[in-house]
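Enquirer: Here you go, one structure.
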Amino acid sequence: MQTGIQQQQQQPQTLAEVQAFAVGKWQSLSVELRPTEDRTGSGKIEPTFLRRHFDYLDTDRFKGVITLFGDPYGQLPLLEFEFRGALNWGGPHPIAAGAYEIDYVLNEKFGVTPLHDQSTEMLNAGLLNGMTPFQTNVQSDILGKAFPLFNIQEGQITTDYDLIYFHDGLLFMGAKHVDGTPFDRPDRRPQQLQIPLQRAK
């Protein structure tokens, strides 16, 4: 049976406790399924298979790596995104006691690496004139660059308006909206919990 101190360590409640507990590396339990809005504007909702790795470098900065796969078992990697930037902490989130609003500001790096030739072709099909073409297994930093495929304008700093919550030592972020829309505005902040991350060994 856990003591009160052990429970507090696994389920931090105050903002200071949550910030301290978050510091470190976290990873997906397995390949995850997520609804994603079709980038072409067709209105279709596409299934996306992925793994997440997040590193809370301290209470103010983070690094995130998301790998997309073409199959539900993670055997066909397609794309990798690396994000680095600032953490903006907000007030309590109503989903659960100990949950807080958090914004991920991608103001240091937005790396894109196609891991398959078809992914490279897809990315290059949406390039604006003057942009350097993508290469398979080579990372390109698109921070501050216009990128229509991701609905990013020139000079735009992307922010994800999310939530964070810990339960039994697992890290929960917000569940993606069923219509696939991103967390790109405060009014689109998630209202439910996503599959959790476990602390990386």
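FYI, nothing fancy with the structure tokens labels: chains A, B, ... in order, residues from 1 per chain, ligands from 1 as they appear.
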For Gly90 (chain A), list every protein, DNA or RNA residue within 8 Å, evaluated using only C-alpha atoms, and leave out those in the same chain fewer than 2 positions away; present the list as a ChimeraX atom specification.

Expert: /A:88,92,100-103

Enquirer: Export C-alpha atoms of the chosen residues as a JSON list (two decimals), in the first residue's frame?

Expert:
[["chain", "number", "residue", "atom", "x", "y", "z"],
["A", 88, "ASN", "CA", 3.80, 28.42, -20.74],
["A", 92, "PRO", "CA", -6.10, 24.39, -13.39],
["A", 100, "TYR", "CA", -3.23, 22.16, -15.61],
["A", 101, "GLU", "CA", -3.31, 24.07, -18.83],
["A", 102, "ILE", "CA", 0.03, 24.15, -20.63],
["A", 103, "ASP", "CA", 1.13, 25.74, -23.91]]

Enquirer: Mind checking which residues fall within 7 Å of region 176-184 of chain A, counting only C-alpha atoms, ignoring those fewer than 2 positions away in the same chain, and posting them as a ChimeraX atom specification?

Expert: /A:34-37,45,159-162,174,186,188-190

Enquirer: Let's have the selection written as a PDB file, in the first residue's frame, with C-alpha atoms.

Expert:
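Once written, again-v6.pdb looks like this:
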ATOM      1  CA  ARG A  34      -4.879   9.501 -33.482  1.00  0.00           C
ATOM      2  CA  PRO A  35      -7.486  11.196 -35.717  1.00  0.00           C
ATOM      3  CA  THR A  36      -5.874  13.797 -37.975  1.00  0.00           C
ATOM      4  CA  GLU A  37      -7.444  16.426 -40.163  1.00  0.00           C
ATOM      5  CA  ILE A  45     -10.379  12.490 -41.014  1.00  0.00           C
ATOM      6  CA  THR A 159       1.830  26.963 -30.341  1.00  0.00           C
ATOM      7  CA  ASP A 160      -0.084  23.936 -29.077  1.00  0.00           C
ATOM      8  CA  TYR A 161      -2.649  24.782 -26.383  1.00  0.00           C
ATOM      9  CA  ASP A 162      -2.769  21.584 -24.339  1.00  0.00           C
ATOM     10  CA  GLY A 174      -5.008  16.168 -24.047  1.00  0.00           C
ATOM     11  CA  PRO A 186      -6.890  28.567 -26.961  1.00  0.00           C
ATOM     12  CA  ARG A 188      -9.359  24.406 -29.202  1.00  0.00           C
ATOM     13  CA  ARG A 189      -7.611  23.331 -26.023  1.00  0.00           C
ATOM     14  CA  PRO A 190      -8.500  19.644 -25.390  1.00  0.00           C
TER      15      PRO A 190
END

Enquirer: Considering only C-alpha atoms, return as number ranges by chain whatever protein or nucleic-acid residues lie within 12 Å of Leu171 (chain A), sequence-local ones (same chain, fewer than 6 positions apart) excluded.

Expert: A: 10-12, 18-19, 21-29, 52-56, 98-100, 163-165, 193-200

Enquirer: Go ahead and save the picked residues with C-alpha atoms, as an mmCIF file, in the first residue's frame.

Expert:
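That gives us selection12.cif:
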data_model
loop_
_atom_site.group_PDB
_atom_site.id
_atom_site.type_symbol
_atom_site.label_atom_id
_atom_site.label_comp_id
_atom_site.auth_asym_id
_atom_site.auth_seq_id
_atom_site.Cartn_x
_atom_site.Cartn_y
_atom_site.Cartn_z
ATOM 1 C CA GLN A 10 2.981 9.694 -8.384
ATOM 2 C CA GLN A 11 0.051 12.128 -8.533
ATOM 3 C CA PRO A 12 1.311 15.692 -8.023
ATOM 4 C CA VAL A 18 3.406 19.093 -11.440
ATOM 5 C CA GLN A 19 6.217 21.215 -12.889
ATOM 6 C CA PHE A 21 7.439 15.934 -11.553
ATOM 7 C CA ALA A 22 7.343 16.574 -15.314
ATOM 8 C CA VAL A 23 11.091 17.196 -15.660
ATOM 9 C CA GLY A 24 12.722 14.270 -17.472
ATOM 10 C CA LYS A 25 12.073 11.994 -20.430
ATOM 11 C CA TRP A 26 8.704 10.431 -21.315
ATOM 12 C CA GLN A 27 7.669 8.030 -24.079
ATOM 13 C CA SER A 28 4.639 6.271 -25.564
ATOM 14 C CA LEU A 29 3.573 2.946 -24.101
ATOM 15 C CA ARG A 52 5.778 10.294 -28.846
ATOM 16 C CA HIS A 53 8.948 11.106 -26.938
ATOM 17 C CA PHE A 54 8.913 14.206 -24.737
ATOM 18 C CA ASP A 55 11.755 15.624 -22.685
ATOM 19 C CA TYR A 56 10.901 18.352 -20.192
ATOM 20 C CA GLY A 98 -4.106 18.207 -10.470
ATOM 21 C CA ALA A 99 -4.531 18.857 -14.211
ATOM 22 C CA TYR A 100 -3.228 22.160 -15.609
ATOM 23 C CA LEU A 163 -3.179 20.169 -20.837
ATOM 24 C CA ILE A 164 -1.004 18.049 -18.551
ATOM 25 C CA TYR A 165 -1.978 15.607 -15.797
ATOM 26 C CA LEU A 193 -7.257 12.817 -21.709
ATOM 27 C CA GLN A 194 -5.098 11.037 -24.271
ATOM 28 C CA ILE A 195 -3.274 7.713 -23.985
ATOM 29 C CA PRO A 196 -0.557 8.340 -21.371
ATOM 30 C CA LEU A 197 3.214 8.457 -21.619
ATOM 31 C CA GLN A 198 5.490 6.517 -19.293
ATOM 32 C CA ARG A 199 8.739 7.786 -17.847
ATOM 33 C CA ALA A 200 11.620 6.663 -20.072
#

Enquirer: Considering only alpha helix (DSSP H) as DSSP defines it on the backbone, what residues of chain A qualify? List them as a PyMOL selection string.

Expert: chain A and resi 4-10+15-22+117-125

Enquirer: Quick one: write out the picked residues with N, CA and C atoms as a short mmCIF file (atom, residue, chain, number, x, y, z; two decimals), in the first residue's frame?

Expert:
data_model
loop_
_atom_site.label_atom_id
_atom_site.label_comp_id
_atom_site.auth_asym_id
_atom_site.auth_seq_id
_atom_site.Cartn_x
_atom_site.Cartn_y
_atom_site.Cartn_z
N GLY A 4 1.19 8.27 1.88
CA GLY A 4 0.75 9.56 1.37
C GLY A 4 1.81 10.24 0.55
N ILE A 5 3.07 10.14 0.97
CA ILE A 5 4.18 10.76 0.24
C ILE A 5 4.35 10.10 -1.12
N GLN A 6 4.27 8.75 -1.18
CA GLN A 6 4.42 8.04 -2.44
C GLN A 6 3.31 8.41 -3.41
N GLN A 7 2.07 8.51 -2.90
CA GLN A 7 0.97 8.90 -3.75
C GLN A 7 1.16 10.31 -4.29
N GLN A 8 1.66 11.21 -3.44
CA GLN A 8 1.91 12.58 -3.87
C GLN A 8 2.96 12.61 -4.97
N GLN A 9 3.98 11.76 -4.85
CA GLN A 9 5.03 11.71 -5.85
C GLN A 9 4.50 11.20 -7.20
N GLN A 10 3.54 10.26 -7.16
CA GLN A 10 2.98 9.69 -8.38
C GLN A 10 1.85 10.54 -8.95
N LEU A 15 0.61 23.18 -8.83
CA LEU A 15 1.35 23.51 -10.04
C LEU A 15 2.85 23.29 -9.85
N ALA A 16 3.39 23.67 -8.71
CA ALA A 16 4.82 23.49 -8.45
C ALA A 16 5.18 22.01 -8.46
N GLU A 17 4.31 21.16 -7.87
CA GLU A 17 4.57 19.72 -7.86
C GLU A 17 4.52 19.15 -9.27
N VAL A 18 3.54 19.58 -10.06
CA VAL A 18 3.41 19.09 -11.44
C VAL A 18 4.62 19.50 -12.27
N GLN A 19 5.06 20.74 -12.13
CA GLN A 19 6.22 21.21 -12.89
C GLN A 19 7.46 20.41 -12.54
N ALA A 20 7.67 20.15 -11.27
CA ALA A 20 8.85 19.41 -10.84
C ALA A 20 8.78 17.95 -11.29
N PHE A 21 7.59 17.34 -11.19
CA PHE A 21 7.44 15.93 -11.55
C PHE A 21 7.62 15.71 -13.05
N ALA A 22 7.27 16.72 -13.86
CA ALA A 22 7.34 16.57 -15.31
C ALA A 22 8.77 16.48 -15.82
N ASP A 117 10.67 7.42 -48.95
CA ASP A 117 10.72 8.20 -50.19
C ASP A 117 9.37 8.80 -50.55
N GLN A 118 8.28 8.08 -50.27
CA GLN A 118 6.96 8.62 -50.58
C GLN A 118 6.64 9.84 -49.71
N SER A 119 7.11 9.83 -48.47
CA SER A 119 6.93 10.99 -47.61
C SER A 119 7.71 12.18 -48.15
N THR A 120 8.91 11.93 -48.64
CA THR A 120 9.72 12.99 -49.23
C THR A 120 9.01 13.60 -50.43
N GLU A 121 8.45 12.76 -51.27
CA GLU A 121 7.72 13.26 -52.44
C GLU A 121 6.51 14.09 -52.02
N MET A 122 5.80 13.64 -51.00
CA MET A 122 4.63 14.37 -50.52
C MET A 122 5.00 15.75 -50.00
N LEU A 123 6.07 15.82 -49.20
CA LEU A 123 6.52 17.10 -48.67
C LEU A 123 6.98 18.04 -49.77
N ASN A 124 7.71 17.51 -50.71
CA ASN A 124 8.23 18.36 -51.78
C ASN A 124 7.14 18.84 -52.73
N ALA A 125 6.03 18.12 -52.80
CA ALA A 125 4.92 18.54 -53.66
C ALA A 125 4.26 19.81 -53.15
#

Enquirer: For a test of reading the model, state the distance in Å between CA of Lys201 (chain A) and CA of Ala96 (chain A), rounded to one decimal.

Expert: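 Pair CA of Lys201 (chain A) / CA of Ala96 (chain A) returns 26.9 Å.
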
Enquirer: May I have all residues of region 1-199 of chain A that DSSP, computed from the backbone, assigns to strand (DSSP E), given as a ChimeraX atom specification?

Expert: /A:24-28,32-37,45-56,61-69,77-92,100-114,140-141,159-167,170-172,197-199

Enquirer: Just how far from CA of Ile152 (chain A) is CA of Val105 (chain A), in Å to one decimal?

Expert: 13.9 Å

Enquirer: Give me, please, the distance in Å between CA of Pro148 (chain A) and CA of Leu128 (chain A), quoted to one decimal.

Expert: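 Distance between the two atoms: 8.0 Å.
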
Enquirer: Would you please work out which residue, of A:Pro94, A:Gly43, A:Pro133, A:Gly74, is nearest to Gln191 (chain A) when using only C-alpha atoms?

Expert: A:Pro94

Enquirer: Counting only C-alpha atoms, which residue out of A:Asn107, A:Val112, A:Asp168, A:Leu127 sits closest to Gly144 (chain A)?

Expert: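 Smallest distance to Gly144 (chain A) is found for A:Asn107.
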
Enquirer: Pick out the residues sitting within 10 Å of Met131 (chain A), and hand them over as a list in words; count only C-alpha atoms, and ignore anything fewer than 5 positions along from it in its own chain.

Expert: Asn124, Ile142, Lys145, Ala146 and Phe147 of chain A

Enquirer: Given the choices A:Asp141, A:Glu80, A:Glu46, A:Glu154, which gets closest to Lys109 (chain A) if the distance is worked out from only C-alpha atoms?

Expert: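 The closest residue to Lys109 (chain A) is A:Asp141.
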